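Enquirer: One structure, pasted below without further comment.
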Amino acid sequence: RELPASSLRVVLTWADRPLDLDLWVLSRTAPGDLAVYWQVPDMDTGLADDIELDTDATEGFGPESIRFGPATPQGEYLVAVNVYQTASNQNCTQVPCQFFGGETIEFYNASGLMRTVVMPAEQPPARDGNSWWAVAVVSWDGTTFKVDTSAQDYNTQCSAVFTPAAGGGCQGSYCECECTGNCGVCPSAGPCPEYTYTETTTTTTTTTTTTGP
């Protein structure tokens with residue numbers, strides 16, 4: 001749909017594999033891990049029309065989209081993509097998570113398409129991490145959104161995504177919870193209970209119960 005002035009929309013699309021990708025926006029300016037993603041669809045700034053997840057797709061193809069509104073606090077924001085699941089009912093410790101090439105991010109402002117970024121090729125499977133794509137840094141000065149893709153990383157870890165440019169350790173409850181899954185190498189005993197996959201087997205069927213997006 002049409003974007004109002006002083007807005008930016010980020011749109012993620014892909015093919016049938018991986019099954020579930022998640023689009024993230026993380027503040028590089030605010031302290032902590034202020035973020036928008038499937039579990040936190042609205043950045044908690046206390047302002048209306050700031051940064052919101054419009055669409056979350058969980059079964060291939062997308063689109064997923066996050067919109068920056070005119071009330072977005074000034075600063076820098078990292079746009080990233082996480083492989084949440086490669087195949088149905090299997091997390092990254094069961095089937096290694098990976099990008100398959102062709103995953104696409106588009107940036108739109110009120111005038112239309114600003115920039116397109118494409119995952120160039122299939123990436124190595126990531127059983128112990130490296131299931132993140134650091135796509136771009138979006139900067140907002142209260143007047144203009146700028147998109148910088150010069151430092152993108154096609155195959156990185158949660159600990160790198162959540163660490164501010166100034167340095168420091170792994171940040172964020174999501175990162176701490178997912179260290180043995182698809183979040184990479186973080187200083188945690190994880191995973192947290194809410195991200196645990198359990199299997200219940202009967203004499204005739206196997207049922208896999210998952211929690212997450």
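Here's how to read the names in the structure tokens: chain A, B, ... by the order shown, residue numbers from 1 in each chain, ligand numbers from 1 in the order shown.
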List as a PyMOL selection string the protein and nucleic acid residues near stretch 108-123 of chain A, meaning an atom at most 10 Å away when only C-alpha atoms are counted, but skip any in the same chain fewer than 3 places from it.

Expert: chain A and resi 2-14+67-68+97-105+126+130-131+133+135-136+144-149+152-155

Enquirer: Write the residues of the preceding selection, restricted to N, CA and C atoms, as a CSV table (one decimal), in the first residue's frame.

Expert:
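Dumped everything to selection_27.csv:
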chain,number,residue,atom,x,y,z
A,2,GLU,N,0.3,2.4,-0.3
A,2,GLU,CA,1.0,3.6,-0.4
A,2,GLU,C,1.6,4.1,0.9
A,3,LEU,N,2.8,4.5,0.9
A,3,LEU,CA,3.5,5.0,2.1
A,3,LEU,C,3.4,6.5,2.2
A,4,PRO,N,3.1,6.9,3.5
A,4,PRO,CA,3.1,8.3,3.7
A,4,PRO,C,4.5,8.9,3.6
A,5,ALA,N,4.6,10.2,3.5
A,5,ALA,CA,5.9,10.9,3.5
A,5,ALA,C,6.6,10.6,4.8
A,6,SER,N,7.9,10.7,4.7
A,6,SER,CA,8.8,10.4,5.9
A,6,SER,C,8.6,9.0,6.4
A,7,SER,N,8.4,8.1,5.6
A,7,SER,CA,8.3,6.7,6.0
A,7,SER,C,9.2,5.8,5.1
A,8,LEU,N,9.5,4.6,5.6
A,8,LEU,CA,10.3,3.6,4.9
A,8,LEU,C,9.8,2.3,5.1
A,9,ARG,N,9.7,1.5,4.1
A,9,ARG,CA,9.2,0.1,4.3
A,9,ARG,C,10.3,-0.9,3.8
A,10,VAL,N,10.6,-1.9,4.6
A,10,VAL,CA,11.6,-2.9,4.2
A,10,VAL,C,10.8,-4.2,4.0
A,11,VAL,N,11.0,-4.9,2.8
A,11,VAL,CA,10.2,-6.0,2.4
A,11,VAL,C,11.1,-7.2,2.1
A,12,LEU,N,10.9,-8.3,2.8
A,12,LEU,CA,11.7,-9.6,2.6
A,12,LEU,C,10.8,-10.6,1.8
A,13,THR,N,11.4,-11.1,0.7
A,13,THR,CA,10.8,-12.3,0.0
A,13,THR,C,11.8,-13.3,-0.2
A,14,TRP,N,11.3,-14.6,-0.4
A,14,TRP,CA,12.2,-15.7,-0.7
A,14,TRP,C,11.4,-16.8,-1.4
A,67,ARG,N,7.8,-1.5,8.7
A,67,ARG,CA,7.7,-0.1,8.3
A,67,ARG,C,8.3,0.9,9.4
A,68,PHE,N,9.1,1.8,8.9
A,68,PHE,CA,9.6,2.9,9.7
A,68,PHE,C,8.7,4.1,9.5
A,97,CYS,N,20.4,-24.7,9.6
A,97,CYS,CA,19.8,-23.5,9.0
A,97,CYS,C,20.8,-22.9,8.0
A,98,GLN,N,20.2,-22.4,6.9
A,98,GLN,CA,21.1,-21.8,5.8
A,98,GLN,C,20.2,-21.0,4.9
A,99,PHE,N,20.9,-20.0,4.2
A,99,PHE,CA,20.3,-19.3,3.1
A,99,PHE,C,20.6,-20.1,1.8
A,100,PHE,N,19.6,-20.1,0.9
A,100,PHE,CA,19.7,-20.8,-0.3
A,100,PHE,C,20.0,-20.0,-1.5
A,101,GLY,N,20.2,-18.7,-1.3
A,101,GLY,CA,20.4,-17.8,-2.5
A,101,GLY,C,19.1,-17.3,-3.1
A,102,GLY,N,19.1,-16.0,-3.4
A,102,GLY,CA,17.9,-15.4,-4.0
A,102,GLY,C,17.0,-14.7,-3.0
A,103,GLU,N,17.3,-14.9,-1.7
A,103,GLU,CA,16.5,-14.2,-0.7
A,103,GLU,C,16.7,-12.7,-1.0
A,104,THR,N,15.6,-11.9,-1.0
A,104,THR,CA,15.6,-10.5,-1.4
A,104,THR,C,15.0,-9.6,-0.4
A,105,ILE,N,15.7,-8.4,-0.3
A,105,ILE,CA,15.2,-7.3,0.6
A,105,ILE,C,15.1,-6.1,-0.3
A,126,ALA,N,24.4,-24.0,8.7
A,126,ALA,CA,24.9,-23.4,10.0
A,126,ALA,C,24.2,-24.1,11.1
A,130,ASN,N,25.8,-18.8,12.4
A,130,ASN,CA,26.0,-18.2,11.1
A,130,ASN,C,24.7,-18.4,10.3
A,131,SER,N,23.6,-18.1,10.9
A,131,SER,CA,22.3,-18.2,10.2
A,131,SER,C,21.6,-16.8,10.2
A,133,TRP,N,21.8,-12.8,8.3
A,133,TRP,CA,22.2,-11.9,7.2
A,133,TRP,C,22.1,-10.5,7.7
A,135,VAL,N,21.9,-7.0,6.7
A,135,VAL,CA,21.6,-6.5,5.3
A,135,VAL,C,22.1,-5.1,5.2
A,136,ALA,N,21.7,-4.2,6.1
A,136,ALA,CA,21.9,-2.8,5.9
A,136,ALA,C,21.8,-2.0,7.2
A,144,THR,N,15.2,12.5,6.5
A,144,THR,CA,15.5,11.6,5.4
A,144,THR,C,15.9,10.3,6.0
A,145,PHE,N,15.4,9.2,5.4
A,145,PHE,CA,15.9,7.9,5.6
A,145,PHE,C,17.0,7.6,4.6
A,146,LYS,N,18.2,7.1,5.1
A,146,LYS,CA,19.3,6.6,4.2
A,146,LYS,C,19.5,5.2,4.5
A,147,VAL,N,19.9,4.5,3.4
A,147,VAL,CA,20.2,3.0,3.5
A,147,VAL,C,21.6,2.7,3.0
A,148,ASP,N,22.4,2.1,3.9
A,148,ASP,CA,23.8,1.8,3.6
A,148,ASP,C,24.0,0.3,3.7
A,149,THR,N,24.3,-0.3,2.6
A,149,THR,CA,24.6,-1.7,2.5
A,149,THR,C,26.0,-2.1,2.3
A,152,GLN,N,27.4,-5.1,4.6
A,152,GLN,CA,26.5,-6.2,4.9
A,152,GLN,C,27.4,-7.5,5.0
A,153,ASP,N,26.8,-8.5,5.7
A,153,ASP,CA,27.5,-9.7,6.0
A,153,ASP,C,26.4,-10.8,5.6
A,154,TYR,N,26.8,-11.7,4.7
A,154,TYR,CA,25.8,-12.7,4.2
A,154,TYR,C,25.7,-13.9,5.1
A,155,ASN,N,26.6,-14.1,6.0
A,155,ASN,CA,26.6,-15.3,6.8
A,155,ASN,C,27.3,-15.0,8.1

Enquirer: Would you list, as a ChimeraX atom specification, the residues of stretch 66-156 of chain A that end up in strand (DSSP E or B) under DSSP run on this structure's backbone?

Expert: /A:66-68,75-85,87,90,97,104-109,112-118,126,132-140,145-148,153-156

Enquirer: Would you save the residues of that selection, restricted to N, CA and C atoms, as a compact mmCIF listing (two decimals), in the first residue's frame?

Expert:
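Written out: result-v1.txt:
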# COMPACT_ATOMS: atom_id res chain seq x y z
N ILE A 66 8.59 -4.60 7.45
CA ILE A 66 8.67 -3.71 8.60
C ILE A 66 8.65 -2.29 8.09
N ARG A 67 7.83 -1.45 8.74
CA ARG A 67 7.69 -0.06 8.31
C ARG A 67 8.27 0.88 9.37
N PHE A 68 9.10 1.81 8.90
CA PHE A 68 9.59 2.91 9.72
C PHE A 68 8.65 4.09 9.50
N GLY A 75 18.42 8.13 14.61
CA GLY A 75 19.53 7.23 14.92
C GLY A 75 19.77 6.24 13.80
N GLU A 76 20.49 5.17 14.13
CA GLU A 76 20.83 4.13 13.16
C GLU A 76 20.17 2.81 13.56
N TYR A 77 19.75 2.05 12.55
CA TYR A 77 19.05 0.78 12.76
C TYR A 77 19.62 -0.27 11.82
N LEU A 78 19.93 -1.43 12.39
CA LEU A 78 20.41 -2.55 11.59
C LEU A 78 19.22 -3.36 11.08
N VAL A 79 19.16 -3.60 9.78
CA VAL A 79 18.18 -4.50 9.18
C VAL A 79 18.86 -5.85 8.99
N ALA A 80 18.25 -6.90 9.55
CA ALA A 80 18.85 -8.23 9.49
C ALA A 80 17.79 -9.28 9.20
N VAL A 81 18.26 -10.44 8.71
CA VAL A 81 17.37 -11.57 8.42
C VAL A 81 17.93 -12.80 9.13
N ASN A 82 17.04 -13.56 9.77
CA ASN A 82 17.42 -14.78 10.48
C ASN A 82 16.70 -15.98 9.86
N VAL A 83 17.46 -17.07 9.65
CA VAL A 83 16.84 -18.33 9.25
C VAL A 83 16.30 -19.00 10.50
N TYR A 84 14.98 -19.00 10.66
CA TYR A 84 14.38 -19.60 11.85
C TYR A 84 14.19 -21.11 11.68
N GLN A 85 13.75 -21.53 10.49
CA GLN A 85 13.60 -22.96 10.19
C GLN A 85 13.91 -23.20 8.72
N ALA A 87 13.30 -26.43 7.44
CA ALA A 87 12.25 -27.37 7.05
C ALA A 87 11.19 -27.44 8.13
N GLN A 90 11.30 -28.60 12.25
CA GLN A 90 12.67 -28.93 12.60
C GLN A 90 13.45 -27.64 12.83
N CYS A 97 20.40 -24.68 9.63
CA CYS A 97 19.79 -23.52 8.96
C CYS A 97 20.76 -22.92 7.96
N THR A 104 15.57 -11.91 -0.95
CA THR A 104 15.60 -10.53 -1.44
C THR A 104 15.03 -9.56 -0.41
N ILE A 105 15.72 -8.44 -0.26
CA ILE A 105 15.25 -7.33 0.57
C ILE A 105 15.06 -6.11 -0.34
N GLU A 106 13.90 -5.47 -0.21
CA GLU A 106 13.62 -4.24 -0.95
C GLU A 106 13.31 -3.12 0.03
N PHE A 107 13.81 -1.93 -0.28
CA PHE A 107 13.58 -0.74 0.53
C PHE A 107 12.73 0.24 -0.28
N TYR A 108 11.60 0.67 0.31
CA TYR A 108 10.69 1.58 -0.36
C TYR A 108 10.51 2.84 0.48
N ASN A 109 10.48 4.00 -0.20
CA ASN A 109 10.00 5.22 0.45
C ASN A 109 8.74 5.69 -0.26
N GLY A 112 8.72 5.35 -4.01
CA GLY A 112 8.80 4.03 -4.65
C GLY A 112 10.03 3.27 -4.19
N LEU A 113 10.48 2.33 -5.03
CA LEU A 113 11.60 1.46 -4.69
C LEU A 113 12.90 2.26 -4.63
N MET A 114 13.59 2.16 -3.49
CA MET A 114 14.88 2.82 -3.32
C MET A 114 16.05 1.91 -3.67
N ARG A 115 16.00 0.67 -3.16
CA ARG A 115 17.14 -0.23 -3.31
C ARG A 115 16.70 -1.67 -3.15
N THR A 116 17.37 -2.56 -3.88
CA THR A 116 17.13 -3.99 -3.78
C THR A 116 18.45 -4.68 -3.44
N VAL A 117 18.40 -5.60 -2.47
CA VAL A 117 19.57 -6.36 -2.07
C VAL A 117 19.21 -7.84 -2.13
N VAL A 118 20.06 -8.65 -2.77
CA VAL A 118 19.77 -10.07 -2.98
C VAL A 118 20.89 -10.93 -2.42
N ALA A 126 24.42 -24.03 8.71
CA ALA A 126 24.87 -23.41 9.96
C ALA A 126 24.25 -24.12 11.15
N TRP A 132 22.44 -15.79 10.17
CA TRP A 132 21.96 -14.42 10.10
C TRP A 132 22.55 -13.71 8.89
N TRP A 133 21.80 -12.80 8.32
CA TRP A 133 22.24 -11.93 7.22
C TRP A 133 22.10 -10.49 7.72
N ALA A 134 23.23 -9.81 7.92
CA ALA A 134 23.21 -8.39 8.26
C ALA A 134 23.12 -7.62 6.95
N VAL A 135 21.95 -7.04 6.67
CA VAL A 135 21.65 -6.52 5.33
C VAL A 135 22.09 -5.08 5.15
N ALA A 136 21.69 -4.20 6.06
CA ALA A 136 21.93 -2.78 5.85
C ALA A 136 21.78 -2.02 7.16
N VAL A 137 22.34 -0.82 7.19
CA VAL A 137 22.10 0.12 8.27
C VAL A 137 21.23 1.25 7.73
N VAL A 138 20.09 1.45 8.37
CA VAL A 138 19.19 2.54 8.02
C VAL A 138 19.41 3.68 9.00
N SER A 139 19.66 4.87 8.48
CA SER A 139 19.81 6.03 9.34
C SER A 139 18.67 7.00 9.10
N TRP A 140 18.23 7.66 10.16
CA TRP A 140 17.09 8.58 10.12
C TRP A 140 17.46 9.82 10.93
N PHE A 145 15.41 9.20 5.37
CA PHE A 145 15.93 7.85 5.61
C PHE A 145 17.03 7.56 4.59
N LYS A 146 18.16 7.07 5.08
CA LYS A 146 19.26 6.64 4.20
C LYS A 146 19.55 5.17 4.46
N VAL A 147 19.89 4.45 3.39
CA VAL A 147 20.15 3.01 3.47
C VAL A 147 21.58 2.74 3.04
N ASP A 148 22.38 2.13 3.91
CA ASP A 148 23.78 1.83 3.64
C ASP A 148 23.98 0.32 3.69
N ASP A 153 26.82 -8.45 5.73
CA ASP A 153 27.47 -9.74 5.96
C ASP A 153 26.45 -10.82 5.63
N TYR A 154 26.76 -11.67 4.65
CA TYR A 154 25.81 -12.67 4.18
C TYR A 154 25.69 -13.89 5.09
N ASN A 155 26.61 -14.06 6.02
CA ASN A 155 26.62 -15.31 6.79
C ASN A 155 27.25 -15.03 8.14
N THR A 156 26.45 -14.50 9.08
CA THR A 156 27.00 -14.09 10.36
C THR A 156 26.20 -14.68 11.51

Enquirer: One decimal, Å: what's the distance from atom CA of A:Ser150 over to atom CA of A:Val40, could you say?

Expert: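 Computing the Euclidean distance for atom CA of A:Ser150 and atom CA of A:Val40 yields 27.3 Å.
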
Enquirer: Which residues in stretch 17-162 of chain A does DSSP call helix (DSSP H, G or I)? List them as a list in words.

Expert: Cys158, Ser159, Ala160 and Val161 of chain A
